[in-house]
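Asks: Okay, so here is structure-v1.cif, and as you'll see once you scroll down, it has mmCIF, C-alpha atoms.
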```
data_run
loop_
_atom_site.label_atom_id
_atom_site.label_comp_id
_atom_site.auth_asym_id
_atom_site.auth_seq_id
_atom_site.Cartn_x
_atom_site.Cartn_y
_atom_site.Cartn_z
CA MET A 12 77.75 109.66 115.16
CA SER A 13 80.31 106.98 115.62
CA GLY A 14 83.11 106.49 118.12
CA SER A 15 86.13 104.35 118.97
CA GLY A 16 86.76 105.37 122.56
CA TRP A 17 89.43 107.92 121.51
CA VAL A 18 87.62 109.81 118.78
CA ARG A 19 84.16 110.28 117.40
CA ILE A 20 83.38 111.22 113.80
CA GLU A 21 80.52 113.64 113.23
CA PRO A 22 78.95 114.39 109.84
CA TRP A 23 80.10 117.67 108.33
CA ASP A 24 78.10 120.73 109.36
CA GLU A 25 78.54 124.51 109.57
CA CYS A 26 81.02 124.09 112.47
CA GLY A 27 83.45 122.48 110.03
CA LEU A 28 84.44 125.76 108.36
CA ALA A 29 86.58 126.88 111.31
CA LEU A 30 88.26 123.46 111.31
CA LEU A 31 88.98 123.66 107.56
CA ARG A 32 90.68 126.99 108.15
CA ARG A 33 92.79 125.47 110.96
CA VAL A 34 94.05 122.62 108.74
CA ASN A 35 94.72 124.99 105.81
CA VAL A 36 98.26 125.89 106.87
CA PRO A 37 101.60 125.08 105.20
CA GLU A 38 102.62 122.34 107.67
CA MET A 39 99.27 120.57 107.19
CA LYS A 40 99.21 120.97 103.40
CA GLU A 41 102.87 120.16 102.72
CA HIS A 42 102.02 116.93 100.86
CA LEU A 43 98.80 118.25 99.32
CA GLY A 44 99.94 121.08 97.08
CA GLY A 45 100.04 123.80 99.74
CA PRO A 46 97.36 125.89 101.44
CA GLU A 47 94.19 126.80 99.57
CA SER A 48 92.87 130.33 99.08
CA GLU A 49 89.95 131.46 101.24
CA GLU A 50 87.73 131.07 98.16
CA GLN A 51 88.87 127.44 97.75
CA VAL A 52 88.31 126.72 101.45
CA LEU A 53 84.76 128.12 101.23
CA ALA A 54 84.07 126.07 98.08
CA ARG A 55 85.38 122.91 99.81
CA HIS A 56 83.17 123.62 102.84
CA ARG A 57 80.10 123.99 100.59
CA ARG A 58 80.93 120.68 98.84
CA TYR A 59 81.26 118.94 102.21
CA LEU A 60 77.92 120.37 103.35
CA ARG A 61 76.18 119.17 100.17
CA GLY A 62 77.66 115.71 100.45
CA ASP A 63 79.14 113.63 97.69
CA SER A 64 77.20 112.83 94.54
CA MET A 65 78.85 109.39 94.50
CA GLY A 66 77.74 108.35 97.98
CA GLY A 67 80.50 109.57 100.30
CA GLN A 68 80.57 111.64 103.47
CA MET A 69 82.97 114.05 105.18
CA TYR A 70 83.28 114.16 108.95
CA ARG A 71 84.78 116.26 111.70
CA VAL A 72 87.04 114.24 114.00
CA VAL A 73 86.31 114.99 117.65
CA ALA A 74 88.61 113.92 120.49
CA LEU A 75 87.02 112.16 123.43
CA PRO A 76 86.14 112.86 126.16
CA GLU A 77 86.67 116.61 125.61
CA GLY A 78 84.67 116.87 122.39
CA GLU A 79 87.31 119.11 120.81
CA PRO A 80 87.45 119.11 116.98
CA ILE A 81 90.89 117.81 116.02
CA GLY A 82 90.69 117.05 112.31
CA THR A 83 88.80 115.88 109.27
CA VAL A 84 88.22 112.48 107.70
CA GLY A 85 85.97 111.23 104.96
CA PHE A 86 85.34 109.06 101.96
CA TRP A 87 83.99 109.83 98.52
CA GLY A 88 83.26 108.00 95.32
CA ARG A 89 85.49 108.06 92.27
CA LEU A 90 86.63 105.90 89.38
CA TRP A 91 90.09 104.41 89.74
CA ARG A 92 91.47 102.35 86.89
CA ASP A 93 87.96 101.96 85.49
CA GLU A 94 86.54 100.65 88.77
CA PRO A 95 84.14 102.54 91.06
CA ILE A 96 85.82 102.88 94.46
CA TYR A 97 85.67 104.99 97.57
CA GLU A 98 88.69 107.16 98.29
CA SER A 99 89.56 108.30 101.80
CA GLY A 100 91.52 111.23 103.17
CA TRP A 101 92.18 112.81 106.57
CA SER A 102 93.91 115.61 108.42
CA VAL A 103 94.69 115.75 112.14
CA LEU A 104 95.89 118.98 113.73
CA PRO A 105 99.60 118.95 114.66
CA GLU A 106 99.06 119.10 118.41
CA PHE A 107 97.06 115.82 118.21
CA GLN A 108 99.35 113.90 115.87
CA GLY A 109 101.37 110.87 116.96
CA ARG A 110 98.73 109.54 119.38
CA GLY A 111 96.89 107.07 117.14
CA LEU A 112 93.93 109.40 116.71
CA ALA A 113 94.19 109.48 112.91
CA VAL A 114 94.20 105.67 112.83
CA ALA A 115 91.11 105.58 115.08
CA ALA A 116 89.34 108.14 112.87
CA VAL A 117 90.19 106.24 109.68
CA ARG A 118 88.88 103.01 111.22
CA GLU A 119 85.63 104.84 111.97
CA VAL A 120 85.38 106.04 108.37
CA VAL A 121 86.07 102.50 107.14
CA ALA A 122 83.06 101.35 109.18
CA ALA A 123 80.97 104.19 107.72
CA ALA A 124 81.99 103.29 104.15
CA ARG A 125 81.18 99.62 104.79
CA ALA A 126 77.78 100.58 106.14
CA ARG A 127 77.11 102.81 103.13
CA GLY A 128 77.99 99.99 100.73
CA GLY A 129 78.10 100.33 96.98
CA ARG A 130 81.85 99.91 96.52
CA ARG A 131 84.13 96.92 96.93
CA TYR A 132 87.24 98.87 97.94
CA LEU A 133 88.29 101.92 99.90
CA HIS A 134 91.59 103.42 98.68
CA ALA A 135 93.92 106.05 100.09
CA PHE A 136 96.63 107.79 98.07
CA PRO A 137 99.14 109.50 100.40
CA SER A 138 102.29 110.99 98.95
CA VAL A 139 105.27 108.63 98.95
CA ASP A 140 107.01 111.42 100.93
CA ASN A 141 104.43 111.36 103.75
CA PRO A 142 105.52 108.60 106.15
CA ALA A 143 102.88 109.49 108.76
CA SER A 144 99.91 109.06 106.40
CA ASN A 145 101.39 105.88 104.95
CA ALA A 146 101.72 104.52 108.50
CA VAL A 147 98.06 105.41 109.16
CA CYS A 148 97.07 103.34 106.12
CA ARG A 149 99.07 100.34 107.31
CA LYS A 150 97.81 100.56 110.91
CA ALA A 151 94.20 101.03 109.80
CA GLY A 152 94.30 97.77 107.83
CA PHE A 153 94.91 98.91 104.26
CA ALA A 154 97.10 96.77 102.01
CA PHE A 155 99.81 98.42 99.92
CA VAL A 156 99.11 98.02 96.19
CA SER A 157 101.80 100.06 94.41
CA GLU A 158 103.29 103.47 93.81
CA CYS A 159 101.33 105.50 91.30
CA GLU A 160 100.92 108.92 89.74
CA PHE A 161 97.91 110.59 91.33
CA GLU A 162 96.35 113.92 90.43
CA PHE A 163 95.95 116.13 93.48
CA PRO A 164 95.15 118.89 93.59
CA ALA A 165 93.50 119.10 90.17
CA GLY A 166 96.10 119.65 87.48
CA ARG A 167 99.06 118.49 89.62
CA LEU A 168 100.45 114.96 89.50
CA MET A 169 102.09 113.65 92.63
CA ARG A 170 103.89 110.41 93.36
CA SER A 171 101.61 108.49 95.70
CA ASN A 172 101.22 105.12 97.30
CA ASP A 173 98.00 103.32 96.47
CA TRP A 174 96.62 101.63 99.60
CA ARG A 175 93.47 99.50 99.37
CA LEU A 176 91.07 98.02 101.89
CA LEU A 177 88.37 95.47 101.05
CA LEU A 178 85.02 96.79 102.27
CA GLY A 179 83.01 93.71 101.53
CA TRP A 180 81.81 91.37 98.88
CA ARG A 181 78.40 90.26 97.76
CA ALA A 182 77.64 86.92 96.16
CA GLY A 183 77.69 87.44 92.43
CA GLY A 184 79.89 90.54 92.72
CA TRP A 185 78.80 94.15 93.08
#
```
Please go through the file and, once you have read it, give me the structure as structure tokens.
Replies:
Amino acid sequence: MSGSGWVRIEPWDECGLALLRRVNVPEMKEHLGGPESEEQVLARHRRYLRGDSMGGQMYRVVALPEGEPIGTVGFWGRLWRDEPIYESGWSVLPEFQGRGLAVAAVREVVAAARARGGRRYLHAFPSVDNPASNAVCRKAGFAFVSECEFEFPAGRLMRSNDWRLLLGWRAGGW
């Protein structure tokens, strides 16, 4: 577990399924291709339970001091422009938005990705039409790289902003 004073991130477990269902609504999936079917939600939950084959981790975001689950955050490995990176994504339930909790959760996941190691950069790819997620990137310390075409969900290209955060550097490179 990890915490910032406002939120704590907890590794994904069986309790996460109810949370996935709560974030799988049109207003939460507006910039992500729309809600998923129940079958897709269950498949996502199973993937999160198994963990990421490229070294990532999904978390439940829990508000402090209540301990109420308020969203999801995580990082996972991928290739981006021929470089191995971590990608990050998050969702915070509407009733908890606008309080800095997403920024706190993303900062916690940045620390987790740094601790995991293995990648030089953590990227996030919010839609250019999602000002809230782009603001989270900026406030969490990511640097804007450029607009780009990004495939999400699979088979659908969306116009995104590529945000990048340096996780660390080792002498001699990675």
Asks: Can you list, as number ranges by chain, every protein, DNA or RNA residue that comes within 12 Å of Leu31 (chain A) when you count all atoms listed in the file, leaving out same-chain residues fewer than 6 positions away?
Replies: A: 23-25, 39-40, 46-49, 51-57, 59, 69-72, 80-84, 101-104
Asks: List as a PyMOL selection string the protein and nucleic acid residues near region 119-121 of chain A, meaning an atom at most 9 Å away when only C-alpha atoms are counted, but skip any in the same chain fewer than 4 places from it.
Replies: chain A and resi 13-15+18-20+68-70+84-86+99+114-115+125-126+133+151+176+178
Asks: Expanded to explicit residues, what is the PyMOL selection byres ((chain A and resi 128) around 12) for this file, as an NGL selection string?
Replies: :A and (65-67 or 86-88 or 95-97 or 121-127 or 129-133 or 177-181 or 185)
Asks: For C-alpha atoms, I'd like the residues from the last selection saved as a JSON list (two decimals), in the coordinates of the input.
Replies:
```
[["chain", "number", "residue", "atom", "x", "y", "z"],
["A", 65, "MET", "CA", 78.85, 109.39, 94.50],
["A", 66, "GLY", "CA", 77.74, 108.35, 97.98],
["A", 67, "GLY", "CA", 80.50, 109.57, 100.30],
["A", 86, "PHE", "CA", 85.34, 109.06, 101.96],
["A", 87, "TRP", "CA", 83.99, 109.83, 98.52],
["A", 88, "GLY", "CA", 83.26, 108.00, 95.32],
["A", 95, "PRO", "CA", 84.14, 102.54, 91.06],
["A", 96, "ILE", "CA", 85.82, 102.88, 94.46],
["A", 97, "TYR", "CA", 85.67, 104.99, 97.57],
["A", 121, "VAL", "CA", 86.07, 102.50, 107.14],
["A", 122, "ALA", "CA", 83.06, 101.35, 109.18],
["A", 123, "ALA", "CA", 80.97, 104.19, 107.72],
["A", 124, "ALA", "CA", 81.99, 103.29, 104.15],
["A", 125, "ARG", "CA", 81.18, 99.62, 104.79],
["A", 126, "ALA", "CA", 77.78, 100.58, 106.14],
["A", 127, "ARG", "CA", 77.11, 102.81, 103.13],
["A", 129, "GLY", "CA", 78.10, 100.33, 96.98],
["A", 130, "ARG", "CA", 81.85, 99.91, 96.52],
["A", 131, "ARG", "CA", 84.13, 96.92, 96.93],
["A", 132, "TYR", "CA", 87.24, 98.87, 97.94],
["A", 133, "LEU", "CA", 88.29, 101.92, 99.90],
["A", 177, "LEU", "CA", 88.37, 95.47, 101.05],
["A", 178, "LEU", "CA", 85.02, 96.79, 102.27],
["A", 179, "GLY", "CA", 83.01, 93.71, 101.53],
["A", 180, "TRP", "CA", 81.81, 91.37, 98.88],
["A", 181, "ARG", "CA", 78.40, 90.26, 97.76],
["A", 185, "TRP", "CA", 78.80, 94.15, 93.08]]
```
Asks: Please identify all polymer residues within 12 Å of Ser157 (chain A), counting all atoms listed in the file, omitting same-chain residues fewer than 3 positions from it, and present them as a list in words.
Replies: His134, Ala135, Phe136, Pro137, Ser138, Val139, Ala154, Glu160, Phe161, Arg170, Ser171, Asn172, Asp173, Trp174 and Arg175 of chain A
Asks: Would you compute the distance between CA of Val73 (chain A) and CA of Gly27 (chain A)? Give it in Å to one decimal.
Replies: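 Computed distance, CA of Val73 (chain A) to CA of Gly27 (chain A), equals 11.1 Å.
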Asks: Around all listed atoms of region 34-52 of chain A, padded 8 Å per side, what centre and edge lengths does the axis-aligned box have in Å to one decimal, as AutoDock Vina command-line options?
Replies:
```
--center_x 95.3 --center_y 124.2 --center_z 102.9 --size_x 31.1 --size_y 30.5 --size_z 27.7
```
Asks: Please report the interatomic distance between CA of Phe163 (chain A) and CA of Arg89 (chain A) in Å with one decimal.
Replies: 13.3 Å
